[in-house]
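Printed here is target37.csv (CSV, C-alpha atoms):
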chain,number,residue,atom,x,y,z
A,1,MET,CA,164.2,-82.3,192.1
A,2,ARG,CA,164.5,-80.8,195.6
A,3,ALA,CA,163.3,-77.5,194.3
A,4,ARG,CA,160.2,-79.2,192.7
A,5,TRP,CA,159.4,-81.0,196.0
A,6,ALA,CA,159.8,-77.8,198.0
A,7,ALA,CA,157.5,-75.9,195.6
A,8,LEU,CA,154.9,-78.7,195.9
A,9,ALA,CA,155.1,-78.7,199.7
A,10,ALA,CA,154.6,-75.0,199.8
A,11,LEU,CA,151.6,-75.3,197.6
A,12,MET,CA,150.1,-77.9,199.9
A,13,LEU,CA,150.6,-75.6,202.9
A,14,VAL,CA,148.7,-72.8,201.1
A,15,PHE,CA,145.7,-75.1,200.4
A,16,ALA,CA,145.8,-76.4,204.0
A,17,GLY,CA,145.8,-72.8,205.3
A,18,CYS,CA,142.8,-71.9,203.2
A,19,ALA,CA,140.8,-74.7,204.8
A,20,GLY,CA,141.4,-73.4,208.3
A,21,ASN,CA,139.7,-75.4,211.1
A,22,GLY,CA,137.3,-77.2,208.7
A,23,GLY,CA,136.3,-74.3,206.5
A,24,THR,CA,135.3,-75.0,202.9
A,25,GLU,CA,134.9,-72.8,199.9
A,26,GLU,CA,131.1,-73.2,200.3
A,27,ASN,CA,131.0,-71.7,203.8
A,28,PRO,CA,129.7,-68.1,204.0
A,29,HIS,CA,131.6,-65.1,205.3
A,30,ALA,CA,130.4,-62.3,207.5
A,31,VAL,CA,131.9,-58.8,206.9
A,32,ILE,CA,131.7,-56.5,209.9
A,33,GLU,CA,132.3,-52.8,209.1
A,34,THR,CA,133.4,-50.9,212.3
A,35,ASN,CA,134.6,-47.4,212.9
A,36,HIS,CA,138.0,-49.0,213.4
A,37,GLY,CA,138.1,-50.9,210.2
A,38,THR,CA,136.7,-54.1,208.5
A,39,ILE,CA,136.7,-57.6,210.0
A,40,GLU,CA,135.9,-60.6,207.8
A,41,ILE,CA,134.8,-63.8,209.4
A,42,LEU,CA,134.6,-67.3,207.9
A,43,LEU,CA,131.5,-68.9,209.3
A,44,TYR,CA,131.6,-72.7,209.8
A,45,GLY,CA,128.2,-73.5,208.5
A,46,ASN,CA,129.2,-77.0,207.6
A,47,LEU,CA,130.2,-77.7,211.2
A,48,THR,CA,127.8,-75.5,213.3
A,49,PRO,CA,124.7,-75.0,211.0
A,50,GLN,CA,122.2,-73.9,213.6
A,51,THR,CA,124.5,-71.2,215.1
A,52,VAL,CA,125.6,-69.9,211.7
A,53,GLN,CA,122.0,-69.8,210.4
A,54,SER,CA,120.8,-67.9,213.4
A,55,PHE,CA,123.7,-65.4,213.2
A,56,GLY,CA,123.1,-65.1,209.4
A,57,ASN,CA,119.3,-64.6,209.8
A,58,LEU,CA,119.9,-61.8,212.4
A,59,THR,CA,122.5,-60.2,210.2
A,60,GLN,CA,120.2,-60.1,207.2
A,61,GLU,CA,117.6,-58.5,209.3
A,62,GLY,CA,120.0,-55.7,210.1
A,63,TYR,CA,120.0,-56.7,213.8
A,64,TYR,CA,123.7,-56.0,214.4
A,65,ASP,CA,123.9,-52.7,212.5
A,66,ASP,CA,124.6,-49.7,214.7
A,67,THR,CA,125.5,-51.8,217.8
A,68,ARG,CA,128.8,-51.8,219.6
A,69,PHE,CA,131.6,-54.0,220.8
A,70,HIS,CA,130.4,-53.4,224.3
A,71,ARG,CA,133.0,-55.5,226.2
A,72,VAL,CA,136.7,-55.3,225.6
A,73,ILE,CA,139.3,-57.2,227.6
A,74,GLU,CA,142.9,-56.9,226.5
A,75,ASP,CA,144.6,-60.2,225.8
A,76,PHE,CA,141.3,-62.0,226.1
A,77,VAL,CA,138.3,-61.1,223.9
A,78,ILE,CA,136.2,-58.4,222.3
A,79,GLN,CA,132.4,-59.0,222.6
A,80,GLY,CA,129.5,-57.6,220.7
A,81,GLY,CA,126.0,-58.6,219.4
A,82,ASP,CA,123.9,-57.0,222.1
A,83,PRO,CA,121.1,-54.8,220.6
A,84,LEU,CA,120.9,-52.7,223.7
A,85,SER,CA,124.4,-51.4,223.0
A,86,SER,CA,123.0,-49.3,220.2
A,87,ASP,CA,121.6,-47.0,222.9
A,88,PRO,CA,124.3,-45.2,225.1
A,89,ASN,CA,121.5,-44.4,227.6
A,90,LYS,CA,121.2,-48.2,228.3
A,91,SER,CA,124.9,-48.7,229.0
A,92,ASP,CA,124.1,-50.1,232.4
A,93,ARG,CA,122.3,-53.0,230.7
A,94,TRP,CA,124.8,-53.7,227.9
A,95,GLY,CA,125.6,-57.4,227.9
A,96,SER,CA,122.1,-58.5,228.9
A,97,GLY,CA,120.3,-58.1,225.6
A,98,GLY,CA,119.3,-60.7,223.0
A,99,PRO,CA,116.9,-61.5,220.2
A,100,GLY,CA,114.2,-62.8,222.4
A,101,TYR,CA,115.1,-66.4,222.1
A,102,THR,CA,118.1,-68.7,222.7
A,103,ILE,CA,119.6,-71.5,220.6
A,104,VAL,CA,121.1,-74.9,221.1
A,105,ASP,CA,124.9,-75.2,221.9
A,106,GLU,CA,126.7,-76.7,218.9
A,107,PHE,CA,130.1,-78.2,219.5
A,108,ALA,CA,131.7,-79.5,216.3
A,109,CYS,CA,133.5,-82.8,216.9
A,110,GLU,CA,136.4,-84.3,215.0
A,111,ASP,CA,134.4,-87.3,213.8
A,112,GLY,CA,131.9,-85.0,212.0
A,113,SER,CA,129.2,-85.1,214.6
A,114,VAL,CA,127.8,-82.2,216.7
A,115,SER,CA,127.5,-82.4,220.4
A,116,ASN,CA,124.9,-80.3,222.2
A,117,GLU,CA,126.2,-81.1,225.7
A,118,LEU,CA,127.6,-78.0,227.4
A,119,THR,CA,129.9,-79.2,230.1
A,120,GLY,CA,131.0,-75.8,231.4
A,121,TYR,CA,133.6,-75.2,234.0
A,122,ARG,CA,132.2,-77.9,236.3
A,123,SER,CA,133.8,-80.8,234.5
A,124,ASN,CA,137.1,-81.9,233.1
A,125,GLN,CA,135.2,-83.6,230.3
A,126,GLU,CA,134.6,-81.7,227.0
A,127,PRO,CA,131.5,-82.2,224.9
A,128,CYS,CA,133.3,-84.1,222.1
A,129,ASP,CA,135.5,-86.4,224.3
A,130,ASP,CA,133.7,-89.5,223.0
A,131,HIS,CA,133.8,-88.2,219.4
A,132,GLY,CA,137.5,-87.6,218.7
A,133,GLY,CA,137.7,-84.2,220.5
A,134,LEU,CA,136.6,-80.7,219.4
A,135,ALA,CA,137.0,-79.8,215.8
A,136,LEU,CA,136.8,-76.1,216.6
A,137,SER,CA,138.4,-74.7,219.7
A,138,HIS,CA,139.7,-71.4,221.2
A,139,ASP,CA,143.2,-72.4,220.2
A,140,LYS,CA,144.4,-69.1,218.8
A,141,PRO,CA,143.5,-65.4,218.3
A,142,GLY,CA,140.6,-64.7,215.9
A,143,MET,CA,138.2,-67.5,216.9
A,144,VAL,CA,134.6,-66.4,216.9
A,145,SER,CA,132.4,-68.0,219.6
A,146,MET,CA,129.0,-67.7,221.2
A,147,ALA,CA,128.6,-65.7,224.4
A,148,ASN,CA,126.3,-67.3,227.0
A,149,ARG,CA,125.8,-67.5,230.7
A,150,GLY,CA,127.8,-70.7,231.2
A,151,GLU,CA,124.6,-72.7,231.2
A,152,PRO,CA,123.0,-74.8,228.4
A,153,LYS,CA,120.8,-73.0,225.8
A,154,THR,CA,121.6,-69.5,227.0
A,155,GLY,CA,123.3,-68.2,223.8
A,156,GLY,CA,121.3,-65.8,221.6
A,157,SER,CA,123.0,-63.1,219.5
A,158,GLN,CA,126.0,-62.1,221.5
A,159,PHE,CA,129.4,-63.3,220.3
A,160,PHE,CA,133.1,-62.7,221.0
A,161,ILE,CA,136.4,-62.8,219.1
A,162,THR,CA,139.4,-64.1,220.9
A,163,VAL,CA,142.6,-62.0,220.9
A,164,SER,CA,144.7,-64.8,222.4
A,165,GLU,CA,144.6,-68.6,222.9
A,166,GLN,CA,141.8,-69.4,225.4
A,167,PRO,CA,141.4,-73.1,225.9
A,168,ARG,CA,139.5,-72.7,229.2
A,169,LEU,CA,136.6,-71.5,227.1
A,170,ASP,CA,136.3,-74.8,225.3
A,171,GLY,CA,133.3,-76.9,226.3
A,172,THR,CA,131.3,-73.8,227.4
A,173,HIS,CA,131.3,-71.5,224.4
A,174,PRO,CA,130.7,-73.0,220.9
A,175,VAL,CA,133.1,-71.7,218.2
A,176,PHE,CA,131.3,-71.0,214.9
A,177,GLY,CA,133.7,-68.9,212.9
A,178,GLU,CA,137.2,-67.5,212.5
A,179,VAL,CA,138.6,-64.1,211.5
A,180,VAL,CA,140.3,-64.5,208.1
A,181,ASP,CA,140.9,-60.8,207.4
A,182,GLY,CA,141.1,-57.7,209.7
A,183,MET,CA,142.8,-59.3,212.7
A,184,ASP,CA,144.8,-56.1,213.1
A,185,VAL,CA,141.4,-54.3,213.6
A,186,VAL,CA,140.4,-56.9,216.3
A,187,MET,CA,143.8,-56.3,218.1
A,188,ASN,CA,143.4,-52.5,217.9
A,189,ILE,CA,139.9,-52.7,219.4
A,190,SER,CA,141.2,-55.0,222.2
A,191,GLN,CA,143.6,-52.3,223.3
A,192,VAL,CA,141.1,-49.4,223.6
A,193,PRO,CA,140.9,-47.9,227.1
A,194,THR,CA,138.0,-49.4,229.1
A,195,GLY,CA,136.1,-48.5,232.3
A,196,ASN,CA,133.4,-50.0,234.4
A,197,ARG,CA,132.3,-53.6,233.3
A,198,ASP,CA,135.0,-53.6,230.6
A,199,GLN,CA,133.1,-51.1,228.5
A,200,PRO,CA,135.2,-49.1,226.1
A,201,ARG,CA,135.7,-45.5,227.0
A,202,GLU,CA,135.4,-44.6,223.3
A,203,ASP,CA,132.7,-45.9,220.9
A,204,VAL,CA,133.6,-49.1,219.1
A,205,LEU,CA,130.8,-49.1,216.6
A,206,VAL,CA,129.5,-51.9,214.4
A,207,GLU,CA,128.3,-49.9,211.5
A,208,ASP,CA,127.2,-52.6,209.2
A,209,VAL,CA,127.3,-56.4,208.9
A,210,THR,CA,126.7,-58.4,205.7
A,211,ILE,CA,126.7,-62.1,204.7
A,212,GLU,CA,128.6,-63.2,201.6
A,213,GLY,CA,127.8,-66.6,200.3
A,214,GLU,CA,125.1,-69.1,201.1
A,215,LEU,CA,123.8,-69.9,204.7
A,216,PRO,CA,123.3,-73.5,205.6
A,217,GLY,CA,119.5,-73.2,205.0
A,218,VAL,CA,118.5,-75.1,208.2
A,219,GLU,CA,115.6,-74.3,210.5
A,220,VAL,CA,116.8,-72.7,213.7
A,221,GLU,CA,115.6,-74.4,216.9
A,222,LYS,CA,114.6,-71.6,219.3
A,223,PHE,CA,114.0,-71.7,223.0
A,224,ASP,CA,112.3,-69.2,225.3
A,225,ARG,CA,114.9,-66.8,226.8
Show the structure stored in the file as structure tokens.
Amino acid sequence: MRARWAALAALMLVFAGCAGNGGTEENPHAVIETNHGTIEILLYGNLTPQTVQSFGNLTQEGYYDDTRFHRVIEDFVIQGGDPLSSDPNKSDRWGSGGPGYTIVDEFACEDGSVSNELTGYRSNQEPCDDHGGLALSHDKPGMVSMANRGEPKTGGSQFFITVSEQPRLDGTHPVFGEVVDGMDVVMNISQVPTGNRDQPREDVLVEDVTIEGELPGVEVEKFDR
């Protein structure tokens, strides 16, 4: 009897692990092919539909192909998604590029709602404090989040992947995905030598990005950059 209960408990843990921080089998995945290996990301389209749709639309346009992870900070994050990073001659501007528009900040809350209130570093309050707390947070390595300028509606195409727990980013950068395969690749990238402005001294190329599965299918609300 004990063996049967142990087996059942183990099975329940497997299913719980597959769900992640709110992922479902219906959520799409992004597959990022780099010159360091492949990174697969579960996109939380059920929790952050605008962000995932925007990321997916850009991906399907080939927007991220031939760009770079242009900012690498060991034990913190690796950052990519800047179209300017495809050109080595524009390295002094890497980190400033975008798709020509910005999107709303989506913070998924535990009660199923979405908060668009970016509190930033200026408040001890988080966007979902009145809604049961954040459903998605920077609570471990491998969380995929929107880069922005720390102000509302300044996110566009740039994103980062955490390489350690970073709770101080909660409430400022909306999490929209999680690495489900290739975390070793992320960690290897995070350890490449860097120089000025945290730019890698060797190329960390994003060769190709594809979407597997169905995107949320929502209209992306866009704002002037």
If the box runs along x, y and z of the file and leaves 3 Å on each side of region 136-140 of chain A, what are its centre and edge lengths in Å, one decimal, as AutoDock Vina command-line options?
--center_x 140.6 --center_y -72.6 --center_z 218.9 --size_x 13.6 --size_y 13.0 --size_z 10.6
Which residue of A:Leu169, A:Val104, A:Leu84, A:Trp94 approaches Glu126 (chain A) most closely, using all atoms listed in the file:
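Closest candidate: A:Leu169.
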Region 32-45 of chain A surroundings by all atoms listed in the file, 9 Å radius, close-in-sequence under 2 positions cut, as a PyMOL selection string
chain A and resi 21-24+26-30+47-53+68+142+144+175-186+188-189+203-210+215-216
Å distance separating CA of Val220 (chain A) from CA of Asn57 (chain A), one decimal place:
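Calculated distance between CA of Val220 (chain A) and CA of Asn57 (chain A) is 9.3 Å.
The closest residue to Thr194 (chain A), picked from A:Ser54, A:Val31, A:Ile73, A:Asp139 and counting only C-alpha atoms, is A:Ile73.
Between CA of Gly98 (chain A) and CA of Lys153 (chain A) the interatomic distance comes to 12.7 Å.
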One decimal, in Å: what's the spacing between CA of Asp130 (chain A) and CA of Glu110 (chain A)?
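These atoms are spaced 9.9 Å apart.
Using all atoms listed in the file, the nearest neighbour of Ala135 (chain A) within the list A:Ser157, A:Asn148, A:Gly81, A:Gly171 is A:Gly171.
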Could you check which of A:Pro83, A:Gly132, A:Gly62, A:Gly100 is closest to Phe159 (chain A), using only C-alpha atoms?
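Using only C-alpha atoms, Phe159 (chain A) sits closest to A:Pro83.
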Please reconstruct the missing atoms of region 65-83 of chain A (target: N, CA and C atoms) and return them as a CSV table (one decimal), in the coordinates of the input.
chain,number,residue,atom,x,y,z
A,65,ASP,N,123.5,-54.0,213.0
A,65,ASP,CA,123.9,-52.7,212.5
A,65,ASP,C,123.7,-51.7,213.6
A,66,ASP,N,124.7,-50.8,213.8
A,66,ASP,CA,124.6,-49.7,214.7
A,66,ASP,C,124.7,-50.1,216.2
A,67,THR,N,125.2,-51.4,216.4
A,67,THR,CA,125.5,-51.8,217.8
A,67,THR,C,127.0,-51.5,218.1
A,68,ARG,N,127.5,-52.0,219.2
A,68,ARG,CA,128.8,-51.8,219.6
A,68,ARG,C,129.5,-53.0,220.0
A,69,PHE,N,130.8,-53.1,220.0
A,69,PHE,CA,131.6,-54.0,220.8
A,69,PHE,C,131.6,-53.4,222.2
A,70,HIS,N,130.7,-54.0,223.0
A,70,HIS,CA,130.4,-53.4,224.3
A,70,HIS,C,131.3,-53.9,225.4
A,71,ARG,N,132.1,-54.9,225.2
A,71,ARG,CA,133.0,-55.5,226.2
A,71,ARG,C,134.3,-55.8,225.6
A,72,VAL,N,135.4,-55.2,226.2
A,72,VAL,CA,136.7,-55.3,225.6
A,72,VAL,C,137.7,-55.7,226.8
A,73,ILE,N,138.4,-56.8,226.6
A,73,ILE,CA,139.3,-57.2,227.6
A,73,ILE,C,140.6,-57.5,226.9
A,74,GLU,N,141.6,-56.7,227.1
A,74,GLU,CA,142.9,-56.9,226.5
A,74,GLU,C,143.5,-58.3,226.7
A,75,ASP,N,144.1,-58.9,225.7
A,75,ASP,CA,144.6,-60.2,225.8
A,75,ASP,C,143.6,-61.3,226.0
A,76,PHE,N,142.3,-61.0,225.9
A,76,PHE,CA,141.3,-62.0,226.1
A,76,PHE,C,140.3,-62.0,225.0
A,77,VAL,N,139.3,-61.1,225.0
A,77,VAL,CA,138.3,-61.1,223.9
A,77,VAL,C,137.7,-59.7,223.7
A,78,ILE,N,137.1,-59.5,222.5
A,78,ILE,CA,136.2,-58.4,222.3
A,78,ILE,C,134.8,-59.0,222.1
A,79,GLN,N,133.8,-58.4,222.7
A,79,GLN,CA,132.4,-59.0,222.6
A,79,GLN,C,131.4,-58.0,222.1
A,80,GLY,N,130.5,-58.5,221.2
A,80,GLY,CA,129.5,-57.6,220.7
A,80,GLY,C,128.2,-58.4,220.5
A,81,GLY,N,127.3,-57.8,219.7
A,81,GLY,CA,126.0,-58.6,219.4
A,81,GLY,C,124.9,-58.3,220.3
A,82,ASP,N,125.0,-57.3,221.2
A,82,ASP,CA,123.9,-57.0,222.1
A,82,ASP,C,123.1,-55.8,221.5
A,83,PRO,N,121.8,-56.0,221.2
A,83,PRO,CA,121.1,-54.8,220.6
A,83,PRO,C,120.9,-53.6,221.5
